[in-house]
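Have a look at the structure below, then the notes.
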Amino acid sequence: MTVTSQIPPPASAALKVSGVTHSFGSKTALDDVSLEAPAGAFTALVGQNGAGKTTLFSLITRLYNNTSGSIEVLGEDVRRSPARALARLGVVFQARTLDLELTVMQNLLYHAALHGIGRREAKRLAAAALGRVSLESRASDKVRALSGGQMRRVEIARALLHGPAFLLLDEPTVGLDIGSRRTLIDEVRRLITEDGIGVLWATHLTDEIAAADRVVVLHQGKVMAKGTPRELCARAKTDDVGAAFMTIVGEGERPAPQKASA
Ligand SMILES: Nc1ncnc2c1ncn2[C@@H]1O[C@H](COP(=O)(O)OP(=O)(O)OP(=O)(O)O)[C@@H](O)[C@H]1O
């Protein structure tokens with residue numbers, strides 16, 4: 001009997017960013033950035049403050065126009081086919097955007113109305129989305145009554161309303177306590193395993209990375225490394241992902257300007 005090794009096919013890139021540069025005046029926030037994030041997997045975009053994570057998210061979501069390179073969501077170019085590309089994308093921005101005085105359900109229905117979803121369908125979708133983040137029992141509560149972590153999960157439910165295949169989350173755990181952080185990450189990982197959603201998760205916290213994740217290290221607008229945590233650790237000759245990140249980021253530090261000798 002012949003035994004053939006089962007090599008899994010390469011995961012297709014649900015999000016593909018190629019050669020994207022973006023500047024604010026003379027400040028280059030992103031410098032020839034290329035990265036891929038597969039469907040049905042967790043990709044961590046790790047970078048310190050000012051690395052360029054939010055700028056990248058703003059380009060992917062068309063808040064800013066990408067004038068160089070290309071960005072594709074499930075094969076749809078965001079510049080050429082913005083409606084089709086954005087229809088496949090769910091986004092949780094860094095800043096919180098729920099109306100605190102409305103109920104959880106009212107927030108979701110308002111968002112659905114903006115997307116042209118009819119009331120009855122919106123209610124069905126909202127209930128299903130709340131179930132996916134384990135918050136169906138809070139539908140009638142005012143958002144103000146929720147914890148920070150629960151608010152984030154409502155924002156994820158809102159991002160899921162239109163049935164996206166890929167989720168972008170920009171530092172979603174900032175300001176949350178350890179328990180809420182863990183719950184939020186677990187919920188998002190469950191969406192990946194149960195619904196096959198792809199995730200790009202921006203963070204500066206390396207303890208949010210799991211062994212099976214893909215990691216992209218962004219520093220001062222440049223992609224410094226891409227790979228599995230194990231590959232990053234091997235490159236930095238350490239077994240600690242946080243230490244590997246600091247080593248890799250250190251490689252990218254701009255040299256201090258030389259003083260002219262007298
Ligand atoms: N609207 C803007 N005008 C000018 N400079 C900007 C603007 N937005 C971002 N920048 C600069 O671009 C660089 C990247 O910023 P960005 O917000 O994308 O980083 P980040 O990785 O999201 O950091 P943080 O975690 O602090 O949000 C920074 O140097 C920032 O000061």
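We name chains A, B, ... following the order of the structure tokens; residues begin at 1 in each chain, and ligands are numbered from 1 as shown.
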Non-local contacts of Glu231 in chain A (12 Å; only C-alpha atoms; under 4 positions in same chain excluded) as a PDB file with C-alpha atoms, in the first residue's frame:
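Saved file selection.pdb follows:
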```pdb
ATOM      1  CA  ALA A 211       0.545  29.283  18.145  1.00  0.00           C
ATOM      2  CA  ALA A 212      -1.650  28.584  15.088  1.00  0.00           C
ATOM      3  CA  ASP A 213      -1.994  32.258  14.100  1.00  0.00           C
ATOM      4  CA  ARG A 214      -0.335  34.099  11.278  1.00  0.00           C
ATOM      5  CA  VAL A 215       1.559  37.179  12.390  1.00  0.00           C
ATOM      6  CA  VAL A 216       2.473  40.337  10.503  1.00  0.00           C
ATOM      7  CA  ALA A 225       8.198  40.101   9.379  1.00  0.00           C
ATOM      8  CA  LYS A 226       5.444  37.699   8.368  1.00  0.00           C
ATOM      9  CA  GLY A 227       4.967  34.126   9.506  1.00  0.00           C
ATOM     10  CA  ARG A 235      14.296  34.226  13.338  1.00  0.00           C
ATOM     11  CA  ALA A 236      14.876  36.081  16.618  1.00  0.00           C
ATOM     12  CA  LYS A 237      16.450  33.045  18.326  1.00  0.00           C
ATOM     13  CA  THR A 238      14.032  33.006  21.235  1.00  0.00           C
ATOM     14  CA  ASP A 239      11.052  30.947  22.335  1.00  0.00           C
ATOM     15  CA  ASP A 240       9.043  33.960  23.471  1.00  0.00           C
ATOM     16  CA  VAL A 241       6.834  35.742  20.913  1.00  0.00           C
ATOM     17  CA  ALA A 244      10.831  37.976  19.115  1.00  0.00           C
ATOM     18  CA  PHE A 245       8.632  40.971  18.329  1.00  0.00           C
ATOM     19  CA  ILE A 248      12.407  42.210  14.993  1.00  0.00           C
TER      20      ILE A 248
END
```
Could you pull out the residues sitting within 6 Å of ligand 1, using only C-alpha atoms and all ligand atoms, and write them as a PyMOL selection string? chain A and resi 24+29+47-55
Would you write out, as a Markdown table, a table of all residues in range 175-228 of chain A that have an atom no more than 6 Å from an atom of range 35-41 of chain A, listing for each the closest atom pair and the distance in Å to one decimal, considering only C-alpha atoms and ordering rows by chain and rising residue number?
```
| residue | atom | partner | partner_atom | distance |
| --- | --- | --- | --- | --- |
| A:Ile192 | CA | A:Gly40 | CA | 5.3 |
| A:Gly196 | CA | A:Gly40 | CA | 4.3 |
| A:Ile197 | CA | A:Gly40 | CA | 4.7 |
| A:Gly198 | CA | A:Ala39 | CA | 4.3 |
```
Could you turn the residues from that selection into a file that holds N, CA and C atoms, as a compact mmCIF listing (two decimals), in the first residue's frame?
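Now in selection_4.txt:
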```txt
# COMPACT_ATOMS: atom_id res chain seq x y z
N ILE A 192 -14.18 32.09 13.85
CA ILE A 192 -13.28 31.54 12.84
C ILE A 192 -13.53 30.04 12.69
N GLY A 196 -16.00 29.94 9.82
CA GLY A 196 -15.01 30.03 8.74
C GLY A 196 -14.64 31.46 8.37
N ILE A 197 -14.95 32.40 9.26
CA ILE A 197 -14.64 33.81 8.97
C ILE A 197 -13.12 34.03 9.09
N GLY A 198 -12.58 34.88 8.23
CA GLY A 198 -11.18 35.27 8.35
C GLY A 198 -11.09 36.54 9.17
```
Shell around Thr67 in chain A at 10 Å using only C-alpha atoms, local window under 6 positions removed, as a count of residues only: 5
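The nearest approach to Leu218 in chain A among the residues A:Val46, A:Ala87, A:Ala14, A:Ala95, with only C-alpha atoms taken into account, belongs to A:Val46.
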Contacts of range 130-140 of chain A at 8 Å or less, counting only C-alpha atoms, minus same-chain residues fewer than 4 places along, as a PyMOL selection string? chain A and resi 103-105+126+150+153-154+156-157+187+191
So that I have them on file, write out the residues from the current selection with N, CA and C atoms, as a short mmCIF file (atom, residue, chain, number, x, y, z; two decimals), in the first residue's frame.
```cif
data_model
loop_
_atom_site.label_atom_id
_atom_site.label_comp_id
_atom_site.auth_asym_id
_atom_site.auth_seq_id
_atom_site.Cartn_x
_atom_site.Cartn_y
_atom_site.Cartn_z
N THR A 103 -30.90 50.97 22.97
CA THR A 103 -30.69 49.58 23.38
C THR A 103 -29.74 48.91 22.38
N VAL A 104 -29.28 47.74 22.79
CA VAL A 104 -28.41 46.94 21.92
C VAL A 104 -29.12 46.69 20.58
N MET A 105 -30.39 46.23 20.66
CA MET A 105 -31.13 45.92 19.43
C MET A 105 -31.33 47.18 18.58
N ALA A 126 -30.13 40.59 13.41
CA ALA A 126 -29.56 41.13 14.65
C ALA A 126 -29.61 40.07 15.75
N GLN A 150 -18.50 43.83 26.73
CA GLN A 150 -19.78 43.51 26.08
C GLN A 150 -20.07 44.50 24.96
N ARG A 153 -18.34 43.39 22.00
CA ARG A 153 -18.99 42.24 21.38
C ARG A 153 -20.23 42.67 20.60
N VAL A 154 -20.92 43.72 21.08
CA VAL A 154 -22.06 44.26 20.30
C VAL A 154 -21.53 44.84 18.99
N ILE A 156 -18.99 43.82 17.39
CA ILE A 156 -18.69 42.68 16.51
C ILE A 156 -20.00 42.15 15.90
N ALA A 157 -21.04 42.04 16.72
CA ALA A 157 -22.35 41.60 16.19
C ALA A 157 -22.80 42.54 15.08
N GLU A 187 -14.42 34.66 21.70
CA GLU A 187 -15.60 34.80 20.83
C GLU A 187 -15.16 34.92 19.37
N LEU A 191 -15.78 32.41 16.03
CA LEU A 191 -16.32 32.78 14.71
C LEU A 191 -15.48 32.17 13.60
#
```
Determine which residues of range 69-174 of chain A receive a DSSP assignment of alpha helix (DSSP H), computed from the backbone, and state them as a PyMOL selection string. chain A and resi 82-87+104-114+119-132+148-160
CA of Leu45 in chain A to CA of His204 in chain A measures 8.3 Å
